[in-house]
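Contents: one structure, followed by commentary.
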Amino acid sequence: MQPLFDYTLRLADNALVLGHRLSEWIGHAPVLEEELALGNMGLDLIGQARSLYAYAGEIEGKGRDEDALAYLRDAVSYRNILLVEQPNGDFAATMMRQLMYAAFAYPFTTALAKSKDATLAAVAAKAEKEMAYHVRHSAEWIIRLGDGTEESHARTQAAADELWPFVGEMFEVDGVERELIAAGIAADPVPLKAEWERTLTRVLDEATIARPRDGWMQTGGRAGRHTEHLGHLLADLQYLQRAHPGATW
Amino acid sequence: MQPLFDYTLRLADNALVLGHRLSEWIGHAPVLEEELALGNMGLDLIGQARSLYAYAGEIEGKGRDEDALAYLRDAVSYRNILLVEQPNGDFAATMMRQLMYAAFAYPFTTALAKSKDATLAAVAAKAEKEMAYHVRHSAEWIIRLGDGTEESHARTQAAADELWPFVGEMFEVDGVERELIAAGIAADPVPLKAEWERTLTRVLDEATIARPRDGWMQTGGRAGRHTEHLGHLLADLQYLQRAHPGATW
Amino acid sequence: AALAARFQAKVDAEEKIEPNDWMPEAYRKTLIRQIAQHAHSEIVGMLPEGNWITRAPSLKRKAALLAKVQDEGGHGLYLYAAAETLGVSREELFEMLISSRQKYSSIFNYPTLSWADIGVIGWLVDGAAIMNQIPLCRCSYGPYARAMIRVCKEESFHQRQGFEIMLTLSRGTPEQKAMAQDALNRWWWPVLMMFGPSDKESANTDATMRWKIKRFTNDELRQKFVDATIPQAQHLGLTLPDPDLKFNEETQHWEFGEIDWAEFKRVVAGDGPCNKQRIKQRKTAYEGGAWVREAATAYAEKRAARARGAARIAAE
Amino acid sequence: AALAARFQAKVDAEEKIEPNDWMPEAYRKTLIRQIAQHAHSEIVGMLPEGNWITRAPSLKRKAALLAKVQDEGGHGLYLYAAAETLGVSREELFEMLISSRQKYSSIFNYPTLSWADIGVIGWLVDGAAIMNQIPLCRCSYGPYARAMIRVCKEESFHQRQGFEIMLTLSRGTPEQKAMAQDALNRWWWPVLMMFGPSDKESANTDATMRWKIKRFTNDELRQKFVDATIPQAQHLGLTLPDPDLKFNEETQHWEFGEIDWAEFKRVVAGDGPCNKQRIKQRKTAYEGGAWVREAATAYAEKRAARARGAARIAAE
């Protein structure tokens with residue numbers, strides 16, 4: 001049970017942290033339609049997170065519900081990849097982060113929809129449709145921004161360069177995942193790398209953005225070794241629940 | 001006892017909130033000497049806050065120490081004026097906020113140093129020396145920035161215009177203060193307004209900044225009716241204590 | 001004159017005026033102002049609520065609030081589109097908002113200081129807005145009426161969610177109950193001001209009533225709102241911050257205290273707690289995002305040029 | 001050659017070399033690099049700690065941390081001033097930092113993930129820094145030695161405060177104890193790397209030893225640090241994340257496991273968790289603040305021009 005709990009928690013944390021980041025754009029987006037699009041993508045992810053947390057809590061069997069998991073764990077207990085906790089930066093950086101994540105999450109949810117675990121499969125099937133849109137939407141923006149003005153091009157290249165070290169972590173596999181992949185429950189990310197590469201290459205090329213060099217990759221999220229950003233994000237997210245222990249909202 | 005508690009808390013909250021705002025500049029200032037100056041001014045204010053919170057807790061007599069008061073009250077229970085909770089903005093806005101506050105706090109602490117309450121008088125006497133430096137330092141910067149480049153001038157004028165509605169609140173007197181002023185404990189802010197005006201006029205003139213029109217003034221801090229900014233500030237400040245109730249740090 | 005008569009006849013017959021129909025210039029101007037200000041209200045209204053999304057205290061509330069704010073943005077889009085049918089562009093209208101030449105509902109000039117404010121906004125602000133908007137569903141101008149029908153449906157849902165937040169708080173801890181009461185204390189009077197000045201002070205009502213843009217007077221709607229809301233507050237165990245509140249058995253209406261019209265005028269004129277902050281936020285986002293819009297335009301032009309180039313080559 | 005001999009004689013006699021004294025170009029270059037990197041370390045070191053000032057969990061800790069970071073900035077200023085005596089400007093040095101042509105202590109490329117990290121930094125990072133720096137108080141170059149004396153005094157105080165934070169946590173709640181242990185687990189090995197590569201891998205030691213810039217080898221200082229620190233960890237009830245730790249009764253030294261030199265090289269070369277983030281932060285603050293520095297310069301020029309103008313008028 002424990003590996004399945006860990007695994008589900010990782011997926012839930014990825015979705016919540018990224019959904020929360022997108023929700024930070026409300027009131028700050030460059031154009032109203034984008035404020036709605038960012039919010040909608042955030043809603044998709046928060047919805048995925050809720051389903052996954054609920055399932056994780058059931059698996060764990062200690063009575064922790066979605067809110068206990070989201071609001072009452074410290075940063076060191078969070079299991080998301082480091083990419084999703086990176087600050088929004090400018091609009092190009094947000095779209096680049098979304099492209100990098102969704103270009104992985106789309107084939108990943110396609111694969112996970114075949115999981116022997118019926119709940120994970122169902123969550124993945126629903127998420128798959130959502131992630132298809134996220135890839136399309138973020139790709140369209142990266143192309144517009146990369147092949148737009150000098151300024152937008154520079155910002156988009158800077159975003160690619162800065163976020164590139166965070167993409168490797170999506171394709172890591174550890175003991176927990178190896179076990180679950182063997183059992184047909186988890187989706188193996190390694191075979192998905194080729195599709196991810198193809199998507200990124202296609203989009204960056206069309207956006208006239210130079211693909212950054214593959215160097216050392218950031219890592220540590222699965223072990224709770226986060227960047228300094230997650231602590232601040234959680235202080236915001238969790239404050240009310242921490243200030244009113246045991247209250248119902 | 002209650003009016004004295006309320007009054008002391010107001011002074012403590014002003015100092016803590018402003019000190020916290022200044023401390024947010026660490027790692028972000030335009031030049032190393034300024035990072036140190038901003039930090040030092042922050043330390044002065046946090047020091048004043050600590051003395052005042054300790055005294056407030058004694059007066060209240062319910063066992064609340066400086067940390068119980070600073071970390072365990074919600075925004076609606078905070079009593080600071082709205083000026084000090086305004087976001088730092090750019091360096092001109094921070095210096096403008098500091099000038100506006102210090103140009104009041106300096107004569108205020110001079111007056112409060114004559115309080116019949118020995119503790120308040122002692123805290124004020126120490127603070128007076130500190131605030132004299134804050135006035136000088138912020139005034140020097142406002143003059144440099146106002147009479148510097150076109151850009152710095154524009155930013156400084158914008159800061160003056162944006163923060164002006166927050167200056168009136170410093171000179172309000174309510175029932176709590178009237179009672180304590182009559183008892184020779186509190187310092188009456190109204191007679192200090194002339195000196196404040198002189199300081200601001202002198203500095204703004206030399207800085208070639210147009211004094212904004214006196215219009216409607218923001219108010220409400222003494223009643224816990226804050227701006228939207230304080231809640232975010234306190235979520236940051238208080239998070240750890242809220243997440244670990246009862247722990248000693 | 002014949003056109004004007006025919007126009008008024010349509011209106012009197014409860015027929016819709018559509019974009020291509022003739023309309024008096026004053027009708028068109030009034031509608032542009034009203035629809036634009038309604039749209040501006042939706043998008044400025046996203047800000048006080050947006051202030052609590054990242055701190056929403058449960059995932060259910062987080063998702064609901066984010067969805068509510070999305071709906072409001074969507075309402076803004078429909079309404080800007082409805083205004084555009086009258087011959088203005090959205091960019092012009094947005095410029096008028098950020099330069100303060102057009103207004104938005106003054107209720108959004110108040111700050112959201114606690115989570116309970118989010119409940120109160122759903123319950124009372126959406127509640128008052130619905131009361132103002134339901135009659136607009138029968139507005140003579142077709143695009144506006146149709147937009148209002150969609151808006152009202154979604155806002156009813158939001159109002160129920162807001163009430164549900166209040167219910168949860170009122171059944172919660174002492175701190176939560178106090179939070180709910182404090183929020184109600186701060187928002188009640190500004191909400192009553194949402195219905196506008198009292199009838200005896202209102203200019204311009206005749207034309208808007210005649211053109212069936214407005215159906216009920218300010219005081220009529222305000223009274224309806226108070227009568228509907230007080231039982232809800234009682235159900236929540238909350239008190240209204242109005243010592244003059246008294247049920248009149250004869251009229252079967254709740255009598256309430258005098259609204260501070262000086263505050264109303266001041267806030268509408270620009271001197272409310274959040275006026276400058278709201279405009280600054282929308283303006284900063286807009287100006288800060290100029291490079292994004294410029295990029296989109298530049299890209300579209302490049303694409304069009306490439307398509308023309310390709311077409312030329314294909315033709316050769 | 002005579003100059004070189006006199007220089008070495010002074011050094012051998014433990015006399016200080018001062019800014020106006022002759023010195024070998026290699027000595028000057030080495031010192032510039034070392035002092036600059038020391039200064040850069042102080043100002044980059046403000047960042048991981050600065051990350052926790054706003055969230056410091058008590059007013060006493062908040063004030064102490066803010067004061068510590070101020071001290072570090074002050075150290076940076078003295079050290080830049082010491083470097084400037086060797087013929088470089090602070091602006092040049094800062095440019096070399098933000099363009100990554102000069103380095104800073106690699107320990108600051110690790111993130112502070114909890115409040116306990118602040119305790120560990122004071123206890124171990126300052127502790128290791130002191131161990132590296134105490135010998136520098138007798139460095140042959142006068143300005144650097146004097147700066148080091150002031151720095152060491154303040155850093156001893158910081159180290160005690162850090163240890164006191166750890167003591168408080170180790171006597172606290174189970175969560176606090178776990179927080180302290182987790183922080184130690186993450187920082188221990190990077191702290192050991194602060195003493196640099198093992199002696200057998202170190203280039204350039206001979207010259208720096210001969211010039212009395214360096215007094216002890218890397219391994220000597222590292223061993224001294226380990227021996228001093230392990231009893232402190234035991235006192236705190238914390239375990240070191242090193243299964244190979246073993247006290248050797250004969251040598252009276254603690255034997256410890258193999259350091260991951262690949263990680264050390266990688267992080268020094270730029271691929272640590274926070275390298276890019278640290279430089280970006282200092283760079284952004286610097287570039288974002290250009291308008292402030294430009295204004296100060298413009299104002300100073302205007303003032304000078306006005307003074308000259310006034311002097312001219314007075315003379316007439």
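By convention in this document, the chains of the structure tokens carry letters A, B, ... by their order, each chain's residues are numbered from 1, and ligands are numbered from 1 in the order they are shown.
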
Within 7 Å of chain B: residues of chain D, using only C-alpha atoms, as a CSV table (one decimal) with all heavy atoms, in the first residue's frame:
```csv
chain,number,residue,atom,x,y,z
D,46,MET,N,24.1,36.1,2.3
D,46,MET,CA,23.0,36.8,2.9
D,46,MET,C,21.7,36.2,2.3
D,46,MET,O,20.6,36.4,2.9
D,46,MET,CB,23.0,38.3,2.6
D,46,MET,CG,24.2,39.0,3.2
D,46,MET,SD,24.4,40.7,2.5
D,46,MET,CE,23.0,41.6,3.3
D,47,LEU,N,21.7,35.6,1.2
D,47,LEU,CA,20.5,35.2,0.5
D,47,LEU,C,19.8,34.0,1.1
D,47,LEU,O,18.6,34.0,1.4
D,47,LEU,CB,20.8,35.0,-1.0
D,47,LEU,CG,21.4,36.2,-1.7
D,47,LEU,CD1,21.5,35.9,-3.2
D,47,LEU,CD2,20.5,37.5,-1.5
D,50,GLY,N,18.5,35.3,4.3
D,50,GLY,CA,17.5,36.3,4.0
D,50,GLY,C,16.2,35.7,3.7
D,50,GLY,O,15.1,36.2,3.9
D,54,THR,N,11.6,37.0,6.9
D,54,THR,CA,10.1,37.3,7.1
D,54,THR,C,9.4,36.2,7.8
D,54,THR,O,8.3,36.5,8.4
D,54,THR,CB,9.5,37.7,5.7
D,54,THR,OG1,9.6,36.5,4.8
D,54,THR,CG2,10.1,38.9,5.1
D,55,ARG,N,9.9,35.0,7.8
D,55,ARG,CA,9.2,33.9,8.4
D,55,ARG,C,9.8,33.5,9.7
D,55,ARG,O,9.4,32.4,10.3
D,55,ARG,CB,9.1,32.7,7.4
D,55,ARG,CG,8.3,32.9,6.2
D,55,ARG,CD,8.3,31.7,5.3
D,55,ARG,NE,9.7,31.6,4.6
D,55,ARG,CZ,10.1,30.6,3.9
D,55,ARG,NH1,9.2,29.5,3.7
D,55,ARG,NH2,11.3,30.5,3.4
D,57,PRO,N,10.4,32.6,13.3
D,57,PRO,CA,9.3,32.2,14.2
D,57,PRO,C,9.2,32.9,15.6
D,57,PRO,O,8.4,32.5,16.4
D,57,PRO,CB,9.5,30.7,14.3
D,57,PRO,CG,11.0,30.5,14.2
D,57,PRO,CD,11.5,31.5,13.3
D,58,SER,N,10.1,33.9,15.8
D,58,SER,CA,9.9,34.6,17.1
D,58,SER,C,10.6,36.0,16.8
D,58,SER,O,11.4,36.1,15.9
D,58,SER,CB,10.5,34.0,18.3
D,58,SER,OG,11.9,34.1,18.3
D,59,LEU,N,10.2,37.0,17.5
D,59,LEU,CA,10.7,38.3,17.3
D,59,LEU,C,12.2,38.3,17.7
D,59,LEU,O,13.0,39.0,17.0
D,59,LEU,CB,10.0,39.4,18.1
D,59,LEU,CG,8.5,39.6,17.7
D,59,LEU,CD1,7.9,40.7,18.4
D,59,LEU,CD2,8.4,39.8,16.2
D,63,ALA,N,14.9,39.4,14.8
D,63,ALA,CA,15.9,40.4,15.0
D,63,ALA,C,17.3,39.9,14.9
D,63,ALA,O,18.2,40.5,14.3
D,63,ALA,CB,15.7,41.1,16.4
D,66,LEU,N,18.1,39.1,11.2
D,66,LEU,CA,18.3,40.3,10.4
D,66,LEU,C,19.7,41.0,10.8
D,66,LEU,O,20.4,41.4,9.9
D,66,LEU,CB,17.2,41.3,10.8
D,66,LEU,CG,17.0,42.6,10.0
D,66,LEU,CD1,17.2,42.4,8.5
D,66,LEU,CD2,15.7,43.3,10.3
D,70,GLN,N,22.9,41.6,8.4
D,70,GLN,CA,23.5,42.9,8.3
D,70,GLN,C,25.1,42.8,8.5
D,70,GLN,O,25.8,43.4,7.8
D,70,GLN,CB,23.0,43.8,9.5
D,70,GLN,CG,21.6,44.2,9.4
D,70,GLN,CD,21.3,44.7,8.0
D,70,GLN,OE1,20.8,44.0,7.1
D,70,GLN,NE2,21.5,46.0,7.9
D,73,GLY,N,26.7,41.5,5.5
D,73,GLY,CA,26.8,42.6,4.5
D,73,GLY,C,28.0,43.5,4.8
D,73,GLY,O,28.8,43.9,3.9
D,168,THR,N,17.4,24.7,21.0
D,168,THR,CA,16.0,24.9,21.2
D,168,THR,C,15.2,23.9,20.5
D,168,THR,O,14.2,23.4,21.0
D,168,THR,CB,15.6,26.4,20.8
D,168,THR,OG1,16.5,27.3,21.5
D,168,THR,CG2,14.2,26.7,21.2
D,169,LEU,N,15.5,23.7,19.2
D,169,LEU,CA,14.8,22.7,18.4
D,169,LEU,C,14.9,21.3,18.9
D,169,LEU,O,13.9,20.6,19.0
D,169,LEU,CB,15.3,22.8,16.9
D,169,LEU,CG,15.0,24.1,16.2
D,169,LEU,CD1,15.7,24.0,14.8
D,169,LEU,CD2,13.5,24.4,16.0
D,172,GLY,N,12.6,20.6,21.6
D,172,GLY,CA,11.3,21.0,21.3
D,172,GLY,C,10.3,19.9,21.0
D,172,GLY,O,10.5,18.8,21.6
D,173,THR,N,9.4,20.2,20.1
D,173,THR,CA,8.4,19.1,19.8
D,173,THR,C,9.0,18.1,18.9
D,173,THR,O,10.1,18.3,18.3
D,173,THR,CB,7.2,19.8,19.0
D,173,THR,OG1,7.8,20.3,17.7
D,173,THR,CG2,6.6,21.0,19.8
D,282,ARG,N,21.1,38.4,-7.2
D,282,ARG,CA,22.0,39.5,-7.0
D,282,ARG,C,22.0,40.4,-8.2
D,282,ARG,O,22.0,41.6,-8.1
D,282,ARG,CB,23.4,39.1,-6.6
D,282,ARG,CG,23.6,38.7,-5.1
D,282,ARG,CD,23.4,40.0,-4.3
D,282,ARG,NE,23.5,39.8,-2.8
D,282,ARG,CZ,22.9,40.6,-1.9
D,282,ARG,NH1,22.2,41.7,-2.3
D,282,ARG,NH2,23.0,40.3,-0.6
D,285,ALA,N,18.7,42.4,-8.6
D,285,ALA,CA,18.6,43.5,-7.7
D,285,ALA,C,19.5,44.6,-8.2
D,285,ALA,O,19.2,45.8,-8.1
D,285,ALA,CB,19.1,43.1,-6.3
D,286,TYR,N,20.7,44.3,-8.7
D,286,TYR,CA,21.7,45.2,-9.1
D,286,TYR,C,21.2,46.0,-10.4
D,286,TYR,O,21.2,47.2,-10.4
D,286,TYR,CB,23.0,44.5,-9.5
D,286,TYR,CG,24.1,45.4,-9.8
D,286,TYR,CD1,24.7,46.3,-8.8
D,286,TYR,CD2,24.6,45.5,-11.1
D,286,TYR,CE1,25.7,47.1,-9.2
D,286,TYR,CE2,25.7,46.3,-11.4
D,286,TYR,CZ,26.2,47.1,-10.5
D,286,TYR,OH,27.3,48.0,-10.8
D,288,GLY,N,18.0,46.0,-11.6
D,288,GLY,CA,16.8,46.7,-11.2
D,288,GLY,C,17.0,47.9,-10.5
D,288,GLY,O,16.1,48.8,-10.5
D,289,GLY,N,18.1,48.0,-9.8
D,289,GLY,CA,18.4,49.2,-9.0
D,289,GLY,C,19.3,50.2,-9.7
D,289,GLY,O,19.7,51.2,-9.1
D,290,ALA,N,19.6,50.0,-11.0
D,290,ALA,CA,20.5,50.9,-11.7
D,290,ALA,C,19.9,52.3,-11.7
D,290,ALA,O,20.7,53.3,-11.5
D,290,ALA,CB,20.6,50.4,-13.2
D,291,TRP,N,18.6,52.5,-11.8
D,291,TRP,CA,18.0,53.8,-11.9
D,291,TRP,C,18.3,54.6,-10.6
D,291,TRP,O,18.4,55.8,-10.6
D,291,TRP,CB,16.5,53.8,-12.2
D,291,TRP,CG,15.7,53.2,-11.1
D,291,TRP,CD1,15.4,51.8,-10.9
D,291,TRP,CD2,15.1,53.8,-10.0
D,291,TRP,NE1,14.6,51.7,-9.8
D,291,TRP,CE2,14.4,52.9,-9.2
D,291,TRP,CE3,15.0,55.2,-9.6
D,291,TRP,CZ2,13.7,53.2,-8.0
D,291,TRP,CZ3,14.3,55.5,-8.4
D,291,TRP,CH2,13.7,54.5,-7.7
D,292,VAL,N,18.4,53.8,-9.5
D,292,VAL,CA,18.7,54.5,-8.2
D,292,VAL,C,20.1,55.0,-8.2
D,292,VAL,O,20.4,56.1,-7.8
D,292,VAL,CB,18.5,53.5,-7.0
D,292,VAL,CG1,18.9,54.1,-5.7
D,292,VAL,CG2,17.1,53.0,-7.0
D,295,ALA,N,20.5,57.9,-10.4
D,295,ALA,CA,19.9,59.1,-9.8
D,295,ALA,C,20.9,59.7,-8.8
D,295,ALA,O,21.1,60.9,-8.8
D,295,ALA,CB,18.6,58.8,-9.1
D,296,ALA,N,21.5,58.9,-8.0
D,296,ALA,CA,22.5,59.4,-7.0
D,296,ALA,C,23.6,60.1,-7.7
D,296,ALA,O,24.1,61.2,-7.3
D,296,ALA,CB,23.0,58.3,-6.2
D,298,ALA,N,23.6,61.4,-10.8
D,298,ALA,CA,23.1,62.6,-11.4
D,298,ALA,C,22.9,63.8,-10.4
D,298,ALA,O,23.3,64.9,-10.7
D,298,ALA,CB,21.7,62.3,-12.1
D,299,TYR,N,22.4,63.4,-9.3
D,299,TYR,CA,22.2,64.4,-8.2
D,299,TYR,C,23.5,65.0,-7.7
D,299,TYR,O,23.6,66.2,-7.6
D,299,TYR,CB,21.4,63.8,-7.0
D,299,TYR,CG,21.3,64.8,-5.9
D,299,TYR,CD1,20.4,65.8,-6.0
D,299,TYR,CD2,22.1,64.7,-4.8
D,299,TYR,CE1,20.3,66.7,-5.0
D,299,TYR,CE2,22.0,65.6,-3.8
D,299,TYR,CZ,21.1,66.6,-3.8
D,299,TYR,OH,21.0,67.6,-2.8
```

Checklist line | Shell around Ala102 of chain A at 10 Å using only C-alpha atoms, local window under 4 positions removed, as number ranges by chain | finding: A: 96-98, 106-109, 128, 130-139, 196

Next item on the list: Measuring atom to atom with only C-alpha atoms, identify which of D:Ala39, D:Met194, D:Val44, D:Leu93 is nearest to Ile279 of chain D.
Entry: D:Val44

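When the distance limit is 8 Å and only C-alpha atoms are what count, the residues near Phe195 of chain C, minus those fewer than 3 positions from it on the same chain, are Ala128, Asn132, Val191, Leu192, Asn218, Asp219, Leu221 and Arg222 of chain C.
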
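One finds atom CA of Glu220 of chain D at 29.0 Å from atom CA of Leu97 of chain D.
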
Margin query: If you run DSSP on the backbone here, which positions in segment 52-166 of chain C get helix (DSSP H, G or I)? Please write them as a ChimeraX atom specification.
Written below: /C:59-84,90-98,106-109,115-133,135-138,142-166

Checklist line | Neighbour list for Asp6 of chain A as a PyMOL selection string, cut-off 8 Å, only C-alpha atoms, skip fewer than 3 positions in-chain | finding: chain A and resi 2-3+9-10+56+176

Notebook entry, point to check: So which residues touch Val11 of chain C within 9 Å, counting only C-alpha atoms, skipping near sequence neighbours fewer than 3 positions away, as a ChimeraX atom specification?
Noted result: /C:6-8,14-17,140-141,210-212

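For Asp71 of chain D, the non-local neighbours within 9 Å, defined as residues at least 2 positions apart in the same chain or in other chains and counting only C-alpha atoms, are Leu36 of chain B; Leu66, Ala67, Lys68, Val69, Gly73, Gly74, His75, Gly76, Val151, Glu154 and Glu155 of chain D.
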
Residues within 7 Å of segment 198-204 of chain B, only C-alpha atoms, excluding chain neighbours under 4 positions, as a tab-separated table (two decimals) with C-alpha atoms, in the first residue's frame:
```tsv
chain	number	residue	atom	x	y	z
B	103	ALA	CA	8.94	62.71	9.92
B	139	ALA	CA	15.11	62.64	3.26
B	143	ILE	CA	16.16	64.54	-2.51
B	194	ALA	CA	3.12	71.50	11.81
B	208	THR	CA	11.57	69.16	-6.83
B	209	ILE	CA	8.56	66.99	-6.02
B	210	ALA	CA	5.09	68.53	-6.12
B	211	ARG	CA	3.31	68.18	-2.82
```

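Atom pair atom CA of Glu85 of chain A / atom CA of Leu69 of chain A: separated by 17.1 Å.
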
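Taking only segment 213-306 of chain D, the residues that DSSP calls strand (DSSP E or B) from the backbone come to D:Lys246, D:Phe247, D:Asn248, D:His253, D:Trp254, D:Glu255.
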
Based on the selection just made, write N, CA, C and O atoms of those residues as an mmCIF file, in the first residue's frame.
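In the end it all went to out19.cif:
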```
data_model
loop_
_atom_site.group_PDB
_atom_site.id
_atom_site.type_symbol
_atom_site.label_atom_id
_atom_site.label_comp_id
_atom_site.auth_asym_id
_atom_site.auth_seq_id
_atom_site.Cartn_x
_atom_site.Cartn_y
_atom_site.Cartn_z
ATOM 1 N N LYS D 246 33.605 7.206 13.037
ATOM 2 C CA LYS D 246 34.173 6.332 14.056
ATOM 3 C C LYS D 246 35.297 7.054 14.772
ATOM 4 O O LYS D 246 36.172 7.641 14.129
ATOM 5 N N PHE D 247 35.245 7.059 16.109
ATOM 6 C CA PHE D 247 36.302 7.728 16.856
ATOM 7 C C PHE D 247 37.520 6.805 16.963
ATOM 8 O O PHE D 247 37.403 5.647 17.362
ATOM 9 N N ASN D 248 38.635 7.318 16.548
ATOM 10 C CA ASN D 248 39.870 6.534 16.595
ATOM 11 C C ASN D 248 40.610 6.857 17.895
ATOM 12 O O ASN D 248 41.154 7.938 18.050
ATOM 13 N N HIS D 253 41.165 11.219 16.910
ATOM 14 C CA HIS D 253 40.412 11.966 15.898
ATOM 15 C C HIS D 253 39.214 11.161 15.441
ATOM 16 O O HIS D 253 39.213 9.924 15.520
ATOM 17 N N TRP D 254 38.210 11.857 14.934
ATOM 18 C CA TRP D 254 37.047 11.179 14.353
ATOM 19 C C TRP D 254 37.365 10.823 12.895
ATOM 20 O O TRP D 254 37.759 11.689 12.102
ATOM 21 N N GLU D 255 37.187 9.551 12.554
ATOM 22 C CA GLU D 255 37.295 9.145 11.153
ATOM 23 C C GLU D 255 35.916 9.312 10.538
ATOM 24 O O GLU D 255 34.896 9.025 11.180
#
```

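When only C-alpha atoms are used to compute distances to Leu99 of chain A, the closest of the residues A:Ser51, A:Lys129, A:Thr156, A:Ala183 turns out to be A:Thr156.
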
Margin query: If I take atom CA of Ile121 of chain C and atom CA of Asp13 of chain B, how far is one from the other in Å, to one decimal?
Written below: 28.8 Å

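Distance annotation: of B:Ala75, B:Arg222, B:Phe104, B:Ala243, the residue with the minimal separation from chain A is B:Ala243; atom set is only C-alpha atoms.
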
Item checked: Distance criterion (only C-alpha atoms): nearest to Pro48 of chain C out of C:Ala82, C:Met209, C:Ala180, C:Cys274 -> C:Cys274
